[in-house]
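Asker: Compact mmCIF, C-alpha atoms, file target.txt:
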```
# COMPACT_ATOMS: atom_id res chain seq x y z
CA MET A 1 41.33 138.33 142.91
CA ARG A 2 44.84 139.64 142.20
CA ARG A 3 43.62 143.17 142.93
CA LEU A 4 42.01 142.07 146.19
CA VAL A 5 45.19 140.33 147.32
CA ARG A 6 47.20 143.48 146.55
CA HIS A 7 44.84 145.65 148.62
CA LEU A 8 45.00 143.24 151.57
CA SER A 9 48.78 142.73 151.45
CA ILE A 10 51.34 144.62 153.51
CA ASP A 11 52.73 147.88 152.08
CA LEU A 12 56.50 147.67 152.58
CA SER A 13 57.29 151.01 150.96
CA PRO A 14 58.48 152.72 154.21
CA LEU A 15 61.05 149.95 154.68
CA ARG A 16 62.10 150.17 151.05
CA ASP A 17 62.37 153.95 150.85
CA SER A 18 63.79 154.98 154.24
CA ARG A 19 67.13 153.66 155.54
CA ASP A 20 66.58 155.13 159.00
CA TYR A 21 63.13 153.57 159.24
CA ARG A 22 64.62 150.17 158.32
CA LEU A 23 67.16 150.52 161.14
CA LEU A 24 64.53 151.63 163.66
CA PHE A 25 62.13 148.89 162.60
CA SER A 26 64.80 146.19 162.82
CA SER A 27 65.85 147.45 166.24
CA GLY A 28 62.22 147.36 167.38
CA VAL A 29 61.75 143.78 166.17
CA ILE A 30 64.79 142.63 168.15
CA THR A 31 64.00 144.47 171.38
CA MET A 32 60.32 143.52 171.24
CA PHE A 33 61.22 139.87 171.81
CA GLY A 34 63.48 140.65 174.74
CA THR A 35 61.05 143.09 176.33
CA MET A 36 58.11 140.68 176.10
CA ILE A 37 60.23 137.88 177.59
CA ALA A 38 61.21 140.15 180.50
CA MET A 39 57.56 141.16 181.01
CA VAL A 40 56.75 137.50 181.66
CA ALA A 41 59.93 136.83 183.64
CA VAL A 42 59.52 139.57 186.28
CA PRO A 43 56.10 138.49 187.64
CA TYR A 44 57.13 134.83 187.33
CA GLN A 45 60.25 135.38 189.42
CA MET A 46 58.31 137.47 191.95
CA LYS A 47 55.80 134.66 192.33
CA GLU A 48 58.59 132.13 192.78
CA LEU A 49 60.29 134.26 195.43
CA THR A 50 57.22 135.35 197.43
CA ASP A 51 54.27 133.11 196.47
CA SER A 52 52.15 136.23 197.02
CA TYR A 53 49.44 137.64 194.74
CA LEU A 54 49.90 141.02 196.41
CA ALA A 55 53.65 141.07 195.77
CA VAL A 56 53.08 140.31 192.08
CA GLY A 57 50.39 142.98 191.80
CA LEU A 58 52.62 145.59 193.39
CA VAL A 59 55.06 145.24 190.48
CA SER A 60 52.58 147.06 188.22
CA LEU A 61 51.85 149.62 190.92
CA ALA A 62 55.56 150.38 191.26
CA GLU A 63 55.70 151.03 187.52
CA PHE A 64 52.68 153.36 187.33
CA VAL A 65 54.19 156.59 188.68
CA PRO A 66 57.37 156.35 186.55
CA MET A 67 55.14 155.74 183.52
CA VAL A 68 53.15 158.94 184.11
CA VAL A 69 56.05 161.22 185.04
CA CYS A 70 58.58 159.93 182.51
CA GLY A 71 55.99 159.64 179.74
CA LEU A 72 55.20 163.36 179.97
CA TRP A 73 58.84 164.42 180.42
CA GLY A 74 59.90 162.11 177.61
CA GLY A 75 57.53 164.01 175.34
CA ALA A 76 59.06 167.33 176.37
CA ILE A 77 62.66 166.27 175.71
CA ALA A 78 61.65 164.60 172.43
CA ASP A 79 60.71 168.05 171.11
CA ALA A 80 63.75 169.81 172.59
CA LEU A 81 66.68 167.45 171.91
CA ASP A 82 68.09 165.19 169.22
CA ARG A 83 65.67 162.25 169.18
CA ARG A 84 68.34 159.81 168.03
CA LYS A 85 70.46 160.67 171.07
CA ILE A 86 67.48 160.14 173.41
CA ILE A 87 66.68 156.78 171.83
CA VAL A 88 70.29 155.53 171.97
CA LEU A 89 70.92 156.65 175.57
CA SER A 90 67.61 155.16 176.71
CA GLU A 91 68.46 151.87 175.01
CA LEU A 92 71.76 151.85 176.91
CA GLY A 93 69.87 152.44 180.16
CA LEU A 94 67.51 149.55 179.42
CA LEU A 95 70.53 147.32 178.75
CA ILE A 96 71.88 148.21 182.20
CA THR A 97 68.59 147.52 184.02
CA SER A 98 68.11 144.21 182.23
CA SER A 99 71.67 143.20 183.08
CA ALA A 100 71.02 144.09 186.74
CA LEU A 101 68.00 141.78 186.76
CA MET A 102 70.11 139.01 185.24
CA VAL A 103 72.83 139.41 187.88
CA ASN A 104 70.22 139.43 190.66
CA ALA A 105 68.63 136.25 189.28
CA MET A 106 72.03 134.53 189.29
CA LEU A 107 72.59 135.21 193.00
CA PRO A 108 72.10 132.34 195.46
CA ASP A 109 69.47 134.48 197.19
CA PRO A 110 67.85 136.88 194.66
CA GLN A 111 66.52 140.09 196.23
CA VAL A 112 62.85 141.02 195.85
CA TRP A 113 63.54 144.76 196.11
CA VAL A 114 65.70 144.60 192.99
CA LEU A 115 62.67 143.48 190.96
CA TYR A 116 60.65 146.44 192.21
CA VAL A 117 63.40 149.01 191.74
CA MET A 118 64.64 147.77 188.36
CA GLY A 119 61.06 147.32 187.16
CA ALA A 120 60.25 150.93 188.05
CA VAL A 121 63.53 152.28 186.61
CA SER A 122 63.21 150.34 183.34
CA THR A 123 59.61 151.49 182.94
CA GLY A 124 60.69 155.07 183.49
CA ILE A 125 63.49 154.79 180.93
CA ALA A 126 61.20 153.11 178.40
CA CYS A 127 58.63 155.89 178.84
CA LEU A 128 61.34 158.52 178.36
CA GLN A 129 62.26 156.79 175.12
CA ARG A 130 58.82 155.98 173.75
CA PRO A 131 57.73 159.53 172.74
CA SER A 132 60.94 159.95 170.73
CA LEU A 133 60.39 156.58 169.03
CA GLU A 134 56.81 157.57 168.17
CA ALA A 135 57.70 161.10 167.05
CA VAL A 136 60.68 160.10 164.94
CA ILE A 137 58.49 158.17 162.47
CA GLN A 138 57.20 161.53 161.30
CA GLN A 139 60.77 162.55 160.38
CA VAL A 140 61.96 159.39 158.64
CA VAL A 141 58.80 158.31 156.76
CA ARG A 142 57.09 160.27 153.98
CA HIS A 143 53.74 161.91 154.72
CA ASP A 144 51.82 159.66 152.34
CA GLN A 145 53.41 156.52 153.86
CA GLN A 146 52.40 157.17 157.48
CA SER A 147 49.48 154.73 157.34
CA ALA A 148 51.75 152.00 155.94
CA ALA A 149 54.27 152.70 158.73
CA ALA A 150 51.50 152.41 161.32
CA VAL A 151 50.55 149.00 159.93
CA LEU A 152 54.17 147.82 159.98
CA SER A 153 54.64 149.01 163.57
CA SER A 154 51.52 147.17 164.68
CA LEU A 155 52.62 144.04 162.80
CA ARG A 156 55.97 144.10 164.62
CA TRP A 157 54.30 144.47 168.00
CA ASN A 158 51.70 141.77 167.49
CA PHE A 159 54.15 139.22 166.12
CA GLY A 160 56.29 139.71 169.21
CA ALA A 161 53.26 139.61 171.51
CA ILE A 162 52.31 136.16 170.20
CA VAL A 163 55.71 134.48 169.91
CA ALA A 164 57.76 135.99 172.75
CA PRO A 165 55.47 135.11 175.71
CA ALA A 166 55.30 131.48 174.56
CA LEU A 167 59.09 131.40 174.26
CA ALA A 168 59.39 133.03 177.68
CA GLY A 169 57.22 130.33 179.25
CA LEU A 170 59.48 127.59 177.88
CA LEU A 171 62.68 129.37 178.93
CA LEU A 172 61.45 130.07 182.45
CA ALA A 173 60.21 126.53 182.97
CA GLN A 174 63.42 124.95 181.69
CA TYR A 175 66.20 127.36 182.62
CA GLY A 176 64.84 129.99 185.02
CA PRO A 177 64.71 133.81 184.88
CA ALA A 178 68.46 134.44 184.61
CA LEU A 179 68.59 133.19 181.01
CA ALA A 180 65.44 135.17 180.15
CA TYR A 181 67.01 138.39 181.42
CA GLY A 182 70.24 137.49 179.63
CA LEU A 183 68.41 137.21 176.31
CA ASP A 184 66.72 140.53 177.01
CA SER A 185 70.14 142.13 177.58
CA LEU A 186 71.45 140.60 174.36
CA THR A 187 68.56 142.09 172.36
CA PHE A 188 69.33 145.57 173.72
CA LEU A 189 72.98 145.15 172.78
CA LEU A 190 72.11 144.13 169.22
CA SER A 191 69.60 146.95 169.01
CA LEU A 192 72.23 149.51 170.03
CA LEU A 193 74.42 148.44 167.11
CA LEU A 194 71.56 149.25 164.73
CA LEU A 195 70.45 152.48 166.42
CA TRP A 196 74.01 153.80 166.35
CA ARG A 197 73.76 153.93 162.55
CA VAL A 198 70.58 156.05 162.51
CA SER A 199 71.13 159.59 161.26
CA SER A 200 70.98 162.52 163.64
CA LEU A 201 67.37 163.67 164.20
CA PRO A 202 67.62 167.19 165.63
CA PRO A 203 64.64 169.20 166.88
CA SER A 204 63.10 172.00 164.84
CA GLU A 205 64.91 175.34 164.92
CA ASP A 206 62.20 177.00 167.02
CA ALA A 207 61.81 174.06 169.43
CA ALA A 208 60.96 175.03 173.00
CA PRO A 209 63.40 173.86 175.70
CA ALA A 210 62.16 171.02 177.90
CA SER A 211 60.34 172.56 180.85
CA LEU A 212 57.07 172.55 182.74
CA LYS A 213 56.00 175.46 180.55
CA SER A 214 56.61 173.43 177.38
CA LEU A 215 54.59 170.53 178.84
CA VAL A 216 51.67 172.88 179.51
CA GLU A 217 51.95 174.24 175.96
CA GLY A 218 51.71 170.70 174.63
CA VAL A 219 48.60 169.98 176.71
CA ARG A 220 47.01 173.24 175.56
CA TYR A 221 47.69 172.38 171.93
CA ALA A 222 46.13 168.94 172.37
CA VAL A 223 43.03 170.38 174.08
CA SER A 224 42.64 172.96 171.30
CA ARG A 225 42.41 170.15 168.73
CA HIS A 226 39.06 168.39 169.17
CA ASP A 227 40.05 165.83 166.57
CA LEU A 228 43.10 164.82 168.63
CA MET A 229 41.10 164.81 171.86
CA GLY A 230 38.71 162.42 170.15
CA THR A 231 41.51 159.90 169.52
CA TYR A 232 42.54 160.03 173.19
CA LEU A 233 39.08 160.00 174.77
CA VAL A 234 37.61 157.27 172.57
CA ASP A 235 40.57 154.98 173.24
CA ILE A 236 40.45 155.61 177.00
CA ALA A 237 36.68 154.97 177.07
CA ALA A 238 37.06 151.77 175.05
CA MET A 239 39.78 150.43 177.35
CA VAL A 240 38.18 151.49 180.65
CA PHE A 241 34.81 149.95 179.84
CA ALA A 242 35.77 146.87 177.83
CA MET A 243 39.33 145.82 178.76
CA ALA A 244 38.98 142.61 180.76
CA THR A 245 42.17 140.52 180.58
CA ALA A 246 42.08 140.27 184.39
CA LEU A 247 38.99 138.06 184.02
CA TYR A 248 40.63 135.46 181.77
CA PRO A 249 41.82 133.17 184.61
CA PHE A 250 38.30 133.13 186.06
CA LEU A 251 36.78 132.53 182.63
CA ALA A 252 39.06 129.54 182.08
CA ASP A 253 38.09 128.12 185.50
CA GLU A 254 34.37 128.52 184.78
CA LEU A 255 34.81 126.59 181.55
CA ARG A 256 36.88 123.95 183.40
CA ALA A 257 39.59 124.49 180.83
CA PRO A 258 42.70 125.79 182.64
CA GLY A 259 44.76 125.05 179.55
CA ALA A 260 42.74 127.66 177.64
CA LEU A 261 44.18 130.53 179.67
CA GLY A 262 47.13 130.97 177.30
CA LEU A 263 44.74 130.92 174.33
CA PHE A 264 42.69 133.74 175.82
CA TYR A 265 45.76 135.90 176.43
CA SER A 266 47.08 135.36 172.91
CA ALA A 267 43.72 135.72 171.12
CA ALA A 268 43.72 139.52 170.93
CA ALA A 269 47.26 139.53 169.57
CA VAL A 270 46.29 136.93 166.95
CA GLY A 271 43.37 139.07 165.81
CA ALA A 272 45.54 142.18 165.77
CA LEU A 273 48.21 140.38 163.76
CA VAL A 274 45.65 139.35 161.14
CA ALA A 275 44.42 142.94 160.99
CA SER A 276 47.99 144.16 160.51
CA VAL A 277 48.88 141.61 157.82
CA THR A 278 45.74 142.47 155.84
CA GLY A 279 45.86 146.17 156.71
CA ARG A 280 47.00 147.68 153.42
CA TRP A 281 43.42 148.78 152.76
CA THR A 282 43.63 151.26 155.66
CA ALA A 283 45.87 153.52 153.53
CA ARG A 284 42.85 154.25 151.30
CA VAL A 285 40.72 155.44 154.24
CA GLN A 286 40.70 159.21 154.70
CA ARG A 287 37.93 159.55 157.33
CA HIS A 288 40.20 158.42 160.17
CA GLY A 289 38.03 159.83 162.97
CA LEU A 290 35.01 157.88 161.79
CA GLY A 291 37.25 154.84 161.36
CA VAL A 292 38.33 155.06 165.02
CA ILE A 293 34.69 155.36 166.13
CA VAL A 294 33.58 152.33 164.10
CA ALA A 295 36.55 150.22 165.21
CA ALA A 296 36.11 151.13 168.90
CA THR A 297 32.41 150.31 168.67
CA LEU A 298 33.20 146.91 167.14
CA TRP A 299 35.73 146.32 169.96
CA GLY A 300 32.93 146.83 172.51
CA VAL A 301 30.51 144.60 170.59
CA ALA A 302 33.10 141.80 170.38
CA VAL A 303 33.77 141.97 174.14
CA ALA A 304 30.02 141.89 174.85
CA LEU A 305 29.66 138.82 172.60
CA THR A 306 32.40 137.11 174.62
CA ALA A 307 29.97 137.08 177.55
CA LEU A 308 27.56 134.96 175.47
CA ALA A 309 30.11 132.57 173.94
CA PRO A 310 29.50 129.06 175.34
CA ASN A 311 32.89 127.44 174.72
CA VAL A 312 36.61 128.08 174.53
CA TRP A 313 36.90 128.44 170.77
CA LEU A 314 34.02 130.88 170.38
CA ILE A 315 35.49 132.96 173.19
CA PHE A 316 38.84 132.85 171.38
CA VAL A 317 37.17 134.10 168.18
CA CYS A 318 35.38 136.92 170.01
CA ILE A 319 38.57 138.09 171.74
CA ALA A 320 40.47 137.86 168.43
CA LEU A 321 37.81 140.02 166.74
CA ALA A 322 38.15 142.52 169.58
CA GLY A 323 41.93 142.57 169.11
CA ALA A 324 41.55 143.13 165.36
CA ALA A 325 39.15 146.04 165.93
CA ASP A 326 41.47 147.60 168.49
CA MET A 327 44.42 147.34 166.10
CA ILE A 328 42.48 149.03 163.28
CA SER A 329 41.59 151.82 165.69
CA GLY A 330 45.27 152.15 166.60
CA ILE A 331 46.34 152.35 162.95
CA PHE A 332 43.89 155.18 162.26
CA ARG A 333 44.87 157.04 165.43
CA MET A 334 48.59 156.79 164.68
CA THR A 335 48.01 157.97 161.11
CA MET A 336 46.10 161.03 162.34
CA TRP A 337 48.83 161.87 164.85
CA ASN A 338 51.71 161.59 162.39
CA GLN A 339 49.93 163.39 159.55
CA THR A 340 48.57 166.39 161.46
CA ILE A 341 50.77 167.22 164.48
CA PRO A 342 53.56 169.74 163.80
CA GLN A 343 57.08 168.45 164.42
CA GLU A 344 57.66 170.95 167.23
CA PHE A 345 54.76 169.41 169.21
CA ARG A 346 55.05 165.77 168.11
CA GLY A 347 57.15 164.55 171.04
CA ARG A 348 55.04 166.17 173.75
CA LEU A 349 51.85 164.83 172.26
CA ALA A 350 53.44 161.39 171.95
CA GLY A 351 53.85 161.56 175.74
CA ILE A 352 50.14 162.32 176.11
CA GLU A 353 49.34 159.48 173.73
CA LEU A 354 51.42 157.12 175.86
CA LEU A 355 49.36 157.98 178.92
CA SER A 356 46.09 157.54 177.02
CA TYR A 357 46.81 154.04 175.73
CA ALA A 358 48.75 152.83 178.80
CA SER A 359 46.46 154.00 181.61
CA GLY A 360 43.22 152.81 179.99
CA PRO A 361 43.97 149.07 180.25
CA MET A 362 45.07 149.44 183.90
CA LEU A 363 41.83 151.20 184.82
CA GLY A 364 39.83 148.82 182.65
CA ASN A 365 41.06 145.72 184.43
CA ALA A 366 40.24 147.35 187.77
CA ARG A 367 36.73 148.09 186.47
CA ALA A 368 36.38 144.50 185.24
CA GLY A 369 37.31 143.09 188.63
CA LEU A 370 34.86 145.33 190.51
CA MET A 371 31.98 144.51 188.17
CA ALA A 372 32.79 140.81 188.36
CA ASN A 373 32.55 141.01 192.15
CA LEU A 374 29.05 142.43 191.75
CA GLY A 375 27.65 140.15 189.06
CA GLY A 376 30.21 137.59 187.95
CA THR A 377 32.57 137.19 185.01
CA ARG A 378 29.97 137.09 182.24
CA PHE A 379 28.14 140.11 183.64
CA SER A 380 31.36 142.11 183.73
CA LEU A 381 32.21 141.22 180.13
CA GLY A 382 28.73 141.87 178.74
CA ALA A 383 28.00 145.05 180.65
CA GLY A 384 31.50 146.40 180.01
CA GLY A 385 31.18 145.83 176.28
CA LEU A 386 27.80 147.55 176.11
CA LEU A 387 29.04 150.47 178.22
CA CYS A 388 31.95 150.79 175.80
CA VAL A 389 29.59 151.04 172.82
CA GLY A 390 27.47 153.65 174.60
CA ALA A 391 30.48 155.72 175.65
CA VAL A 392 32.05 155.67 172.17
CA LEU A 393 28.79 156.73 170.49
CA ALA A 394 28.29 159.49 173.06
CA LEU A 395 31.79 160.83 172.40
CA ALA A 396 31.19 160.64 168.65
CA ALA A 397 28.10 162.82 169.10
CA ALA A 398 29.93 165.25 171.41
CA LEU A 399 32.96 165.66 169.13
CA PRO A 400 31.67 166.43 165.61
CA ARG A 401 35.07 167.69 164.37
CA PHE A 402 36.59 164.34 165.29
CA ARG A 403 33.73 162.44 163.67
CA ARG A 404 33.97 164.48 160.46
CA TYR A 405 37.75 164.50 160.20
CA ASP A 406 38.93 163.95 156.61
CA ALA A 407 42.64 163.89 155.75
CA ARG A 408 41.86 165.30 152.27
CA THR A 409 40.35 168.53 153.63
CA ASP A 410 41.57 168.93 157.22
CA GLU A 411 43.59 172.15 157.62
CA HIS A 412 46.19 170.57 159.91
CA ALA A 413 46.76 167.61 157.60
CA LEU A 414 47.06 169.85 154.54
CA THR A 415 49.43 172.24 156.32
CA GLU A 416 51.71 169.42 157.46
CA LYS A 417 51.65 167.82 154.02
CA ALA A 418 52.65 171.10 152.35
CA ARG A 419 55.39 171.75 154.92
CA ARG A 420 56.95 168.31 154.49
CA GLU A 421 56.80 168.51 150.71
CA ALA A 422 58.55 171.88 150.86
CA THR A 423 61.20 170.49 153.23
CA LEU A 424 61.77 167.49 150.94
CA GLN A 425 62.06 169.74 147.89
CA THR A 426 64.55 172.02 149.66
CA SER A 427 66.71 169.11 150.81
CA THR A 428 66.66 167.66 147.29
CA GLN A 429 67.81 170.96 145.79
CA GLU A 430 70.58 171.36 148.38
CA SER A 431 71.94 167.82 148.01
CA PRO A 432 74.97 167.45 145.72
CA ALA A 433 74.36 166.06 142.26
```
The structure given in the file should be rewritten as structure tokens.

Answerer:
Amino acid sequence: MRRLVRHLSIDLSPLRDSRDYRLLFSSGVITMFGTMIAMVAVPYQMKELTDSYLAVGLVSLAEFVPMVVCGLWGGAIADALDRRKIIVLSELGLLITSSALMVNAMLPDPQVWVLYVMGAVSTGIACLQRPSLEAVIQQVVRHDQQSAAAVLSSLRWNFGAIVAPALAGLLLAQYGPALAYGLDSLTFLLSLLLLWRVSSLPPSEDAAPASLKSLVEGVRYAVSRHDLMGTYLVDIAAMVFAMATALYPFLADELRAPGALGLFYSAAAVGALVASVTGRWTARVQRHGLGVIVAATLWGVAVALTALAPNVWLIFVCIALAGAADMISGIFRMTMWNQTIPQEFRGRLAGIELLSYASGPMLGNARAGLMANLGGTRFSLGAGGLLCVGAVLALAAALPRFRRYDARTDEHALTEKARREATLQTSTQESPA
């Protein structure tokens, strides 16, 4: 029993062994709360100002183009510049946009256009920053601790995703959006104090300057690696065919349980949190490609079972199982990325990764709505889940190198492991006694 508990517990070794990772992790915990509060506050304030479904929906549309453009460019600059500098300057930009939203909310007549503009600008800045935040883990965490770092990152995200929206609902109902934006600004300020202490994280000596050419080189490298393409394509297929959060309000209405809507939205995060807390076992898995395939298949099965669940609590369980499966898939994907991608490409590929896991849910919810118009909520959930299973299995058959990936024998994983061990040995020899 003691052995089982140890295998299911959280591996805290990255936090214990890396000062810079502790600072980055602590910063992420703080800003996660503020960011999630702001994500609830913006559509809430837009609804209060316009009482228009279209106006609220256009907030996401305004953020889409900055996400695509800045996500790719953020990957290019992450490989060409000091990643610490990018992270700190982006955090300062996010502090400014959040403060602008707070000032607008405090006006006697808040302006709708400010929500659109600041929403788009903050999304762009966040997407410029995200590739550097993803890529820097490779520099501050040991090769053999990448899986543990992936679990910790997912734990941080899921804890915030459960607690912060509930807190945001209370704040908005009691005090309005100005206080919510104020708390968001405060989290960025506190985060900056931590990030300022992170060591310089310069690019590799042969890093390519940020340019369209370097972006194309990054895409070519990704396409040349069938194992990496498998991580992107399987995740996109899983999200496009089985993501269905847009159906939750209709599902709650059909069950005549409007109060269950919040439960449905939090269920996936609850399942993912459980998977993160008990995720130490993932460090022993070496067949990460197969792990992604199995987890994505289980995600589709869980969504399909949601269509058959007769009551609120069984639906909650099915969505939680789906969230747990998706989190396990994410842990394996992040481990593959950080253990096999060379440092000189890590930022650009982090930009591609951002597009893969951010665009899928948007397209998936559009798919869910269209299928629900044809056959209803349950049809959309069931058919989407089954289509997800079929698509994942088809990709597994079409990408044998992804399916057979093994960190113990893969040439890219072994090359990166040897390079990092040599770098660590050199730095140890050069450090003063």

Asker: Let me make sure I understand: among A:Leu194, A:Val68, A:Val136, A:Ile319, which one has the smallest atom-to-atom distance to Ala242 (chain A) if we use all atoms listed in the file?

Answerer: A:Ile319

Asker: Choose the residue, out of A:Ala368, A:Ala246, A:Leu81, A:Leu183, that has the smallest atom-to-atom separation from Ala164 (chain A); count only C-alpha atoms.

Answerer: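 Looking at the shortest contact to Ala164 (chain A), the residue is A:Leu183.
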
Asker: Nearest to Val163 (chain A): which of A:Met36, A:Leu115, A:Leu370, A:Leu363 is it, counting all atoms listed in the file?

Answerer: A:Met36

Asker: Taking every listed atom of region 224-243 of chain A and adding 4 Å to each side, what centre and edge lengths in Å (one decimal) does the axis-aligned box have, as JSON?

Answerer:
```
{"center_x": 39.0, "center_y": 159.4, "center_z": 173.6, "size_x": 16.3, "size_y": 35.1, "size_z": 22.1}
```

Asker: Counting all atoms listed in the file, which residue out of A:Gln286, A:Arg346, A:Leu255, A:Ala55 sits closest to Pro310 (chain A)?

Answerer: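 Nearest to Pro310 (chain A): A:Leu255.
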
Asker: Compute the distance from (47.4, 157.7, 185.0) to each atom, counting all atoms listed in the file, keep the residues with any atom at most 12 Å away, and return them as a PyMOL selection string; use the coordinates of the file.

Answerer: chain A and resi 61+63-72+236+240+351-364

Asker: If we count all atoms listed in the file, what is near Gly271 (chain A) at a cut-off of 9 Å, once residues fewer than 6 positions away on the same chain are taken out, given as a list in words?

Answerer: Asn158, Val317, Ile319, Ala320, Leu321, Ala322, Gly323, Ala324, Ala325 and Met327 of chain A

Asker: Using only C-alpha atoms, find the one residue out of A:Gly382, A:Gly300, A:Gly160, A:Gly74 that sits nearest to Ala237 (chain A).

Answerer: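 Checking each of A:Gly382, A:Gly300, A:Gly160, A:Gly74 against Ala237 (chain A), counting only C-alpha atoms, the winner is A:Gly300.
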
Asker: To one decimal place in Å, what is the distance between CA of Val389 (chain A) and CA of Tyr405 (chain A)?

Answerer: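 Separation between CA of Val389 (chain A) and CA of Tyr405 (chain A): 20.2 Å.
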
Asker: What is the CA of Arg130 (chain A)-CA of Asn104 (chain A) distance in Å, reported with one decimal?

Answerer: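 If I compute the distance from CA of Arg130 (chain A) to CA of Asn104 (chain A), I get 26.3 Å.
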
Asker: Just how far from CA of His226 (chain A) is CA of Leu128 (chain A), in Å to one decimal?

Answerer: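 Pair CA of Leu128 (chain A) / CA of His226 (chain A) returns 26.0 Å.
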
Asker: Which one is closest to Arg378 (chain A): A:Val29, A:Thr306, A:Leu107, A:Arg404? Count all atoms listed in the file.

Answerer: A:Thr306

Asker: Quick one: residues within 7 Å of Asp184 (chain A), all atoms listed in the file, excluding same-chain residues fewer than 2 positions away - as a short mmCIF file (atom, residue, chain, number, x, y, z; two decimals) with C-alpha atoms, keeping the file's coordinate frame?

Answerer:
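In the end it all went to around_38.cif:
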```cif
data_model
loop_
_atom_site.label_atom_id
_atom_site.label_comp_id
_atom_site.auth_asym_id
_atom_site.auth_seq_id
_atom_site.Cartn_x
_atom_site.Cartn_y
_atom_site.Cartn_z
CA GLY A 34 63.48 140.65 174.74
CA THR A 35 61.05 143.09 176.33
CA ALA A 38 61.21 140.15 180.50
CA SER A 98 68.11 144.21 182.23
CA ALA A 180 65.44 135.17 180.15
CA TYR A 181 67.01 138.39 181.42
CA GLY A 182 70.24 137.49 179.63
CA LEU A 186 71.45 140.60 174.36
CA THR A 187 68.56 142.09 172.36
CA PHE A 188 69.33 145.57 173.72
#
```

Asker: Can you list, as a count of residues only, every protein, DNA or RNA residue that comes within 10 Å of Gly384 (chain A) when you count all atoms listed in the file, leaving out same-chain residues fewer than 3 positions away?

Answerer: 24

Asker: Residues within 9 Å of Leu152 (chain A), please, as a PyMOL selection string. Count all atoms listed in the file; anything in the same chain fewer than 3 positions from it doesn't count.

Answerer: chain A and resi 10-12+14-15+25+147-149+155-157+276-277

Asker: May I have the residues within 8 Å of Ala105 (chain A) as a list in words, using only C-alpha atoms and disregarding those fewer than 3 positions away in the same chain?

Answerer: Leu101, Met102, Pro110, Pro177 and Ala178 of chain A

Asker: Would you mind putting N, CA and C atoms back on region 367-378 of chain A and writing the result as a CSV table (one decimal), keeping the file's coordinate frame?

Answerer:
```
chain,number,residue,atom,x,y,z
A,367,ARG,N,38.2,148.1,186.7
A,367,ARG,CA,36.7,148.1,186.5
A,367,ARG,C,36.2,146.7,186.3
A,368,ALA,N,36.8,145.9,185.5
A,368,ALA,CA,36.4,144.5,185.2
A,368,ALA,C,36.3,143.7,186.5
A,369,GLY,N,37.3,143.8,187.4
A,369,GLY,CA,37.3,143.1,188.6
A,369,GLY,C,36.2,143.5,189.6
A,370,LEU,N,35.9,144.8,189.6
A,370,LEU,CA,34.9,145.3,190.5
A,370,LEU,C,33.5,144.9,190.0
A,371,MET,N,33.3,144.9,188.7
A,371,MET,CA,32.0,144.5,188.2
A,371,MET,C,31.8,143.0,188.3
A,372,ALA,N,32.9,142.3,188.2
A,372,ALA,CA,32.8,140.8,188.4
A,372,ALA,C,32.4,140.5,189.8
A,373,ASN,N,32.9,141.2,190.8
A,373,ASN,CA,32.6,141.0,192.2
A,373,ASN,C,31.1,141.2,192.4
A,374,LEU,N,30.5,142.1,191.6
A,374,LEU,CA,29.0,142.4,191.8
A,374,LEU,C,28.2,141.4,191.1
A,375,GLY,N,28.6,141.0,189.8
A,375,GLY,CA,27.6,140.2,189.1
A,375,GLY,C,28.3,139.0,188.4
A,376,GLY,N,29.6,138.7,188.6
A,376,GLY,CA,30.2,137.6,188.0
A,376,GLY,C,31.0,137.9,186.7
A,377,THR,N,31.7,137.0,186.2
A,377,THR,CA,32.6,137.2,185.0
A,377,THR,C,31.8,137.6,183.8
A,378,ARG,N,30.7,136.8,183.5
A,378,ARG,CA,30.0,137.1,182.2
A,378,ARG,C,29.3,138.5,182.3
```
